[in-house]
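Worksheet: the structure to be examined is printed underneath.
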Amino acid sequence: MGIILAGAGAYLDISGKGGFPTWLWIVLAISGFVIAQFLAFHKVRLERDRALEAEKPLIITPHKYAIGLSGMTEYPQEPEGRYWLCLEVAVAPNDKSIDKLDLLLGEETIPVNYWPGKNVATFNAYFDVTNWKGKGKAQVELVAYAGGKSYSSGRVTIDFDIEPGGIGHRI
């Protein structure tokens, strides 16, 4: 707006029809540039703030798995005689606190039994899968609950026929 007024004033001043000094039109032009830059910066800042406030989804990705028995190193000690599925899970971003973690296996929902270090980027989660030992390969899905919302890993294949205590198998 200031630039338009300055241009009109400069025309009137040059044509001799205007009654304002030239310096006034120059100040109006410079003021117009300064105000336009401020308004543009303010608009970009508001868009940036909206983007930062937008909720980012929680991405959970199982990387490796192993089967172990109760009492084996790093596996839960009790109850005795149980088979445990250990999932190595990566979470991004890890700024959300996961409240609950479930394993969907067939028609069954298995809650996490043992979950050390749950608020880090990568952690191990242990699920009691005794009823599934020896049943071959199955599709499983990991579901995390954070802030009242659920986030899924998508389906991955786990082989429940592997020997307990073996090295981790990549998913």
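Chain labels run A, B, ... following the order of the structure tokens; each chain numbers its residues from 1, and ligands are numbered from 1 in the order shown.
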(request) Go through stretch 112-155 of chain A and collect every residue that DSSP, computed from the backbone, puts in strand (DSSP E or B); the answer should be as a list in words. (result) Tyr114, Thr122, Phe123, Asn124, Ala125, Tyr126, Phe127, Asp128, Lys137, Ala138, Gln139, Val140, Glu141, Leu142, Val143, Ala144, Tyr145, Ala146, Lys149, Ser150, Tyr151, Ser152, Ser153, Gly154 and Arg155 of chain A
(request) With a distance cut-off of 10 Å and only C-alpha atoms, select the neighbouring residues of A:Ala121, excluding the residue or stretch itself and same-chain residues fewer than 6 positions from it, and output the selection as a list of chain:residue names. (result) A:Ile60, A:Val89, A:Ala90, A:Val91, A:Ala92, A:Pro93, A:Asn94, A:Asp95
Can I get the residues of stretch 29-113 of chain A within 6 Å of stretch 143-160 of chain A, each with the closest pair of atoms and their distance in Å to one decimal, using only C-alpha atoms, sorted chain first then ascending number, as CSV?
```
residue,atom,partner,partner_atom,distance
A:Ile60,CA,A:Ser153,CA,5.2
A:Thr61,CA,A:Ser153,CA,5.6
A:Ile98,CA,A:Ala146,CA,4.6
A:Asp99,CA,A:Ala146,CA,5.3
A:Lys100,CA,A:Tyr145,CA,5.1
A:Leu101,CA,A:Ala144,CA,4.6
A:Asp102,CA,A:Val143,CA,5.2
```
(message) Write out as a VMD selection string the set of residues from stretch 21-165 of chain A that DSSP, computed on the backbone, places in helix (DSSP H, G or I).
(response) chain A and resid 22 to 53 130 to 132
Print the selection's residues with N, CA and C atoms to a file, as an mmCIF file, in the first residue's frame.
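Contents of part-v1.cif, freshly written:
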```cif
data_model
loop_
_atom_site.group_PDB
_atom_site.id
_atom_site.type_symbol
_atom_site.label_atom_id
_atom_site.label_comp_id
_atom_site.auth_asym_id
_atom_site.auth_seq_id
_atom_site.Cartn_x
_atom_site.Cartn_y
_atom_site.Cartn_z
ATOM 1 N N THR A 22 9.011 15.707 -1.499
ATOM 2 C CA THR A 22 9.492 14.441 -2.053
ATOM 3 C C THR A 22 9.909 13.478 -0.951
ATOM 4 N N TRP A 23 10.531 13.959 0.107
ATOM 5 C CA TRP A 23 11.008 13.082 1.178
ATOM 6 C C TRP A 23 9.861 12.291 1.816
ATOM 7 N N LEU A 24 8.638 12.875 1.857
ATOM 8 C CA LEU A 24 7.489 12.175 2.423
ATOM 9 C C LEU A 24 7.159 10.926 1.602
ATOM 10 N N TRP A 25 7.231 11.036 0.290
ATOM 11 C CA TRP A 25 6.935 9.891 -0.572
ATOM 12 C C TRP A 25 8.009 8.803 -0.437
ATOM 13 N N ILE A 26 9.259 9.243 -0.250
ATOM 14 C CA ILE A 26 10.350 8.270 -0.071
ATOM 15 C C ILE A 26 10.164 7.509 1.242
ATOM 16 N N VAL A 27 9.793 8.227 2.317
ATOM 17 C CA VAL A 27 9.546 7.580 3.607
ATOM 18 C C VAL A 27 8.380 6.593 3.490
ATOM 19 N N LEU A 28 7.328 6.960 2.771
ATOM 20 C CA LEU A 28 6.200 6.048 2.570
ATOM 21 C C LEU A 28 6.632 4.778 1.836
ATOM 22 N N ALA A 29 7.488 4.908 0.822
ATOM 23 C CA ALA A 29 7.961 3.743 0.064
ATOM 24 C C ALA A 29 8.786 2.815 0.953
ATOM 25 N N ILE A 30 9.711 3.394 1.724
ATOM 26 C CA ILE A 30 10.554 2.566 2.607
ATOM 27 C C ILE A 30 9.695 1.902 3.680
ATOM 28 N N SER A 31 8.757 2.634 4.242
ATOM 29 C CA SER A 31 7.859 2.071 5.253
ATOM 30 C C SER A 31 7.061 0.910 4.673
ATOM 31 N N GLY A 32 6.614 1.043 3.441
ATOM 32 C CA GLY A 32 5.868 -0.029 2.783
ATOM 33 C C GLY A 32 6.697 -1.295 2.661
ATOM 34 N N PHE A 33 7.982 -1.144 2.288
ATOM 35 C CA PHE A 33 8.869 -2.311 2.192
ATOM 36 C C PHE A 33 9.062 -2.967 3.557
ATOM 37 N N VAL A 34 9.279 -2.184 4.595
ATOM 38 C CA VAL A 34 9.517 -2.724 5.936
ATOM 39 C C VAL A 34 8.264 -3.462 6.431
ATOM 40 N N ILE A 35 7.113 -2.849 6.281
ATOM 41 C CA ILE A 35 5.871 -3.475 6.751
ATOM 42 C C ILE A 35 5.574 -4.754 5.957
ATOM 43 N N ALA A 36 5.815 -4.752 4.658
ATOM 44 C CA ALA A 36 5.576 -5.948 3.831
ATOM 45 C C ALA A 36 6.470 -7.109 4.284
ATOM 46 N N GLN A 37 7.736 -6.812 4.603
ATOM 47 C CA GLN A 37 8.635 -7.871 5.068
ATOM 48 C C GLN A 37 8.175 -8.424 6.417
ATOM 49 N N PHE A 38 7.768 -7.543 7.317
ATOM 50 C CA PHE A 38 7.284 -7.996 8.614
ATOM 51 C C PHE A 38 6.056 -8.887 8.467
ATOM 52 N N LEU A 39 5.107 -8.481 7.628
ATOM 53 C CA LEU A 39 3.887 -9.276 7.433
ATOM 54 C C LEU A 39 4.204 -10.637 6.820
ATOM 55 N N ALA A 40 5.134 -10.677 5.858
ATOM 56 C CA ALA A 40 5.514 -11.950 5.243
ATOM 57 C C ALA A 40 6.181 -12.864 6.275
ATOM 58 N N PHE A 41 7.093 -12.317 7.085
ATOM 59 C CA PHE A 41 7.757 -13.113 8.123
ATOM 60 C C PHE A 41 6.737 -13.632 9.136
ATOM 61 N N HIS A 42 5.803 -12.791 9.524
ATOM 62 C CA HIS A 42 4.784 -13.174 10.494
ATOM 63 C C HIS A 42 3.930 -14.327 9.959
ATOM 64 N N LYS A 43 3.561 -14.272 8.683
ATOM 65 C CA LYS A 43 2.757 -15.332 8.075
ATOM 66 C C LYS A 43 3.531 -16.658 8.052
ATOM 67 N N VAL A 44 4.809 -16.615 7.695
ATOM 68 C CA VAL A 44 5.638 -17.824 7.664
ATOM 69 C C VAL A 44 5.799 -18.387 9.074
ATOM 70 N N ARG A 45 5.968 -17.527 10.072
ATOM 71 C CA ARG A 45 6.111 -17.974 11.458
ATOM 72 C C ARG A 45 4.841 -18.679 11.939
ATOM 73 N N LEU A 46 3.686 -18.144 11.587
ATOM 74 C CA LEU A 46 2.429 -18.780 11.972
ATOM 75 C C LEU A 46 2.286 -20.158 11.327
ATOM 76 N N GLU A 47 2.659 -20.294 10.058
ATOM 77 C CA GLU A 47 2.610 -21.596 9.381
ATOM 78 C C GLU A 47 3.570 -22.591 10.022
ATOM 79 N N ARG A 48 4.762 -22.113 10.394
ATOM 80 C CA ARG A 48 5.740 -22.978 11.046
ATOM 81 C C ARG A 48 5.209 -23.465 12.401
ATOM 82 N N ASP A 49 4.610 -22.558 13.163
ATOM 83 C CA ASP A 49 4.062 -22.936 14.466
ATOM 84 C C ASP A 49 2.948 -23.963 14.323
ATOM 85 N N ARG A 50 2.106 -23.812 13.319
ATOM 86 C CA ARG A 50 1.041 -24.796 13.088
ATOM 87 C C ARG A 50 1.630 -26.155 12.727
ATOM 88 N N ALA A 51 2.677 -26.154 11.903
ATOM 89 C CA ALA A 51 3.312 -27.419 11.506
ATOM 90 C C ALA A 51 3.978 -28.095 12.709
ATOM 91 N N LEU A 52 4.587 -27.325 13.602
ATOM 92 C CA LEU A 52 5.231 -27.907 14.774
ATOM 93 C C LEU A 52 4.213 -28.470 15.759
ATOM 94 N N GLU A 53 3.039 -27.859 15.818
ATOM 95 C CA GLU A 53 2.006 -28.318 16.738
ATOM 96 C C GLU A 53 1.241 -29.528 16.189
ATOM 97 N N THR A 130 3.303 -69.199 25.021
ATOM 98 C CA THR A 130 3.345 -70.639 25.285
ATOM 99 C C THR A 130 2.333 -71.394 24.429
ATOM 100 N N ASN A 131 1.141 -70.856 24.287
ATOM 101 C CA ASN A 131 0.093 -71.536 23.510
ATOM 102 C C ASN A 131 0.405 -71.589 22.013
ATOM 103 N N TRP A 132 1.372 -70.820 21.554
ATOM 104 C CA TRP A 132 1.687 -70.771 20.120
ATOM 105 C C TRP A 132 2.965 -71.529 19.771
#
```
Can you tell me, as a PDB file with N, CA, C and O atoms, in the first residue's frame, what residues are no more than 9 Å from A:Gly106 when counting only C-alpha atoms, ignoring any on the same chain fewer than 6 positions away?
```pdb
ATOM      1  N   ALA A 138       3.319 -67.446  11.830  1.00  0.00           N
ATOM      2  CA  ALA A 138       2.053 -66.733  12.005  1.00  0.00           C
ATOM      3  C   ALA A 138       2.280 -65.243  11.800  1.00  0.00           C
ATOM      4  O   ALA A 138       3.373 -64.725  12.050  1.00  0.00           O
ATOM      5  N   GLN A 139       1.249 -64.585  11.351  1.00  0.00           N
ATOM      6  CA  GLN A 139       1.276 -63.129  11.197  1.00  0.00           C
ATOM      7  C   GLN A 139       0.938 -62.507  12.552  1.00  0.00           C
ATOM      8  O   GLN A 139      -0.051 -62.879  13.175  1.00  0.00           O
ATOM      9  N   VAL A 140       1.762 -61.564  12.984  1.00  0.00           N
ATOM     10  CA  VAL A 140       1.505 -60.853  14.231  1.00  0.00           C
ATOM     11  C   VAL A 140       1.522 -59.357  13.955  1.00  0.00           C
ATOM     12  O   VAL A 140       2.080 -58.900  12.951  1.00  0.00           O
TER      13      VAL A 140
END
```
(message) Restricting the calculation to only C-alpha atoms: of A:Arg82, A:Glu141, A:Pro21, A:Glu88, which residue gets closest to A:Glu107?
(response) A:Glu141
(request) Find, counting only C-alpha atoms, the residue in A:Tyr126, A:Leu142, A:Lys64, A:Met72 that gets nearest to A:Ile171. (result)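 Using only C-alpha atoms, A:Ile171 sits closest to A:Lys64.
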(request) In Å, rounded to a single decimal, give me how far atom CA of A:Lys137 is from atom CA of A:Pro164. (result)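 Atom-to-atom, atom CA of A:Pro164 and atom CA of A:Lys137 are spaced 15.0 Å apart.
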(message) Which residues are near A:Tyr75? Cut-off 12 Å, only C-alpha atoms, ignore same chain within fewer than 6 positions. Put them as a PyMOL selection string.
(response) chain A and resi 66-69+81-87+113-116+124-128+164-165
Would you mind exporting the chosen residues as a PDB file, in the first residue's frame, restricted to N, CA and C atoms?
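Written out: result05.pdb:
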```pdb
ATOM      1  N   ALA A  66      13.126 -63.386  19.044  1.00  0.00           N
ATOM      2  CA  ALA A  66      13.694 -64.636  19.533  1.00  0.00           C
ATOM      3  C   ALA A  66      12.672 -65.257  20.468  1.00  0.00           C
ATOM      4  N   ILE A  67      12.769 -66.562  20.642  1.00  0.00           N
ATOM      5  CA  ILE A  67      11.911 -67.298  21.568  1.00  0.00           C
ATOM      6  C   ILE A  67      12.805 -67.790  22.704  1.00  0.00           C
ATOM      7  N   GLY A  68      12.326 -67.663  23.916  1.00  0.00           N
ATOM      8  CA  GLY A  68      13.095 -68.132  25.068  1.00  0.00           C
ATOM      9  C   GLY A  68      12.187 -68.753  26.102  1.00  0.00           C
ATOM     10  N   LEU A  69      12.803 -69.461  27.040  1.00  0.00           N
ATOM     11  CA  LEU A  69      12.062 -70.098  28.137  1.00  0.00           C
ATOM     12  C   LEU A  69      12.227 -69.279  29.408  1.00  0.00           C
ATOM     13  N   GLY A  81       8.367 -72.456  33.084  1.00  0.00           N
ATOM     14  CA  GLY A  81       7.936 -73.321  31.994  1.00  0.00           C
ATOM     15  C   GLY A  81       7.169 -72.612  30.887  1.00  0.00           C
ATOM     16  N   ARG A  82       7.318 -71.317  30.767  1.00  0.00           N
ATOM     17  CA  ARG A  82       6.602 -70.563  29.744  1.00  0.00           C
ATOM     18  C   ARG A  82       7.555 -70.227  28.589  1.00  0.00           C
ATOM     19  N   TYR A  83       6.991 -70.129  27.392  1.00  0.00           N
ATOM     20  CA  TYR A  83       7.738 -69.666  26.226  1.00  0.00           C
ATOM     21  C   TYR A  83       7.481 -68.178  26.048  1.00  0.00           C
ATOM     22  N   TRP A  84       8.550 -67.435  25.795  1.00  0.00           N
ATOM     23  CA  TRP A  84       8.454 -65.979  25.662  1.00  0.00           C
ATOM     24  C   TRP A  84       8.921 -65.549  24.280  1.00  0.00           C
ATOM     25  N   LEU A  85       8.166 -64.673  23.665  1.00  0.00           N
ATOM     26  CA  LEU A  85       8.584 -64.036  22.419  1.00  0.00           C
ATOM     27  C   LEU A  85       9.215 -62.711  22.804  1.00  0.00           C
ATOM     28  N   CYS A  86      10.475 -62.541  22.448  1.00  0.00           N
ATOM     29  CA  CYS A  86      11.179 -61.277  22.686  1.00  0.00           C
ATOM     30  C   CYS A  86      11.217 -60.523  21.354  1.00  0.00           C
ATOM     31  N   LEU A  87      10.613 -59.358  21.334  1.00  0.00           N
ATOM     32  CA  LEU A  87      10.641 -58.502  20.147  1.00  0.00           C
ATOM     33  C   LEU A  87      11.522 -57.303  20.411  1.00  0.00           C
ATOM     34  N   ASN A 113       4.251 -58.664  28.761  1.00  0.00           N
ATOM     35  CA  ASN A 113       4.434 -59.144  30.128  1.00  0.00           C
ATOM     36  C   ASN A 113       5.626 -58.486  30.815  1.00  0.00           C
ATOM     37  N   TYR A 114       6.651 -58.229  30.042  1.00  0.00           N
ATOM     38  CA  TYR A 114       7.883 -57.686  30.599  1.00  0.00           C
ATOM     39  C   TYR A 114       8.422 -56.698  29.583  1.00  0.00           C
ATOM     40  N   TRP A 115       8.758 -55.492  30.069  1.00  0.00           N
ATOM     41  CA  TRP A 115       9.039 -54.409  29.133  1.00  0.00           C
ATOM     42  C   TRP A 115      10.034 -53.432  29.728  1.00  0.00           C
ATOM     43  N   PRO A 116      11.305 -53.817  29.826  1.00  0.00           N
ATOM     44  CA  PRO A 116      12.299 -52.907  30.402  1.00  0.00           C
ATOM     45  C   PRO A 116      12.644 -51.777  29.421  1.00  0.00           C
ATOM     46  N   ASN A 124      13.288 -53.931  24.157  1.00  0.00           N
ATOM     47  CA  ASN A 124      12.804 -55.299  24.031  1.00  0.00           C
ATOM     48  C   ASN A 124      11.483 -55.421  24.774  1.00  0.00           C
ATOM     49  N   ALA A 125      10.551 -56.135  24.179  1.00  0.00           N
ATOM     50  CA  ALA A 125       9.258 -56.406  24.804  1.00  0.00           C
ATOM     51  C   ALA A 125       9.051 -57.918  24.799  1.00  0.00           C
ATOM     52  N   TYR A 126       8.559 -58.446  25.915  1.00  0.00           N
ATOM     53  CA  TYR A 126       8.409 -59.888  26.085  1.00  0.00           C
ATOM     54  C   TYR A 126       6.930 -60.255  26.207  1.00  0.00           C
ATOM     55  N   PHE A 127       6.518 -61.246  25.408  1.00  0.00           N
ATOM     56  CA  PHE A 127       5.126 -61.697  25.379  1.00  0.00           C
ATOM     57  C   PHE A 127       5.084 -63.192  25.658  1.00  0.00           C
ATOM     58  N   ASP A 128       4.135 -63.627  26.465  1.00  0.00           N
ATOM     59  CA  ASP A 128       3.956 -65.050  26.778  1.00  0.00           C
ATOM     60  C   ASP A 128       3.241 -65.712  25.593  1.00  0.00           C
ATOM     61  N   PRO A 164      14.280 -72.406  21.275  1.00  0.00           N
ATOM     62  CA  PRO A 164      14.442 -71.397  22.321  1.00  0.00           C
ATOM     63  C   PRO A 164      15.911 -71.058  22.538  1.00  0.00           C
ATOM     64  N   GLY A 165      16.160 -69.784  22.803  1.00  0.00           N
ATOM     65  CA  GLY A 165      17.505 -69.344  23.133  1.00  0.00           C
ATOM     66  C   GLY A 165      18.390 -69.055  21.958  1.00  0.00           C
TER      67      GLY A 165
END
```
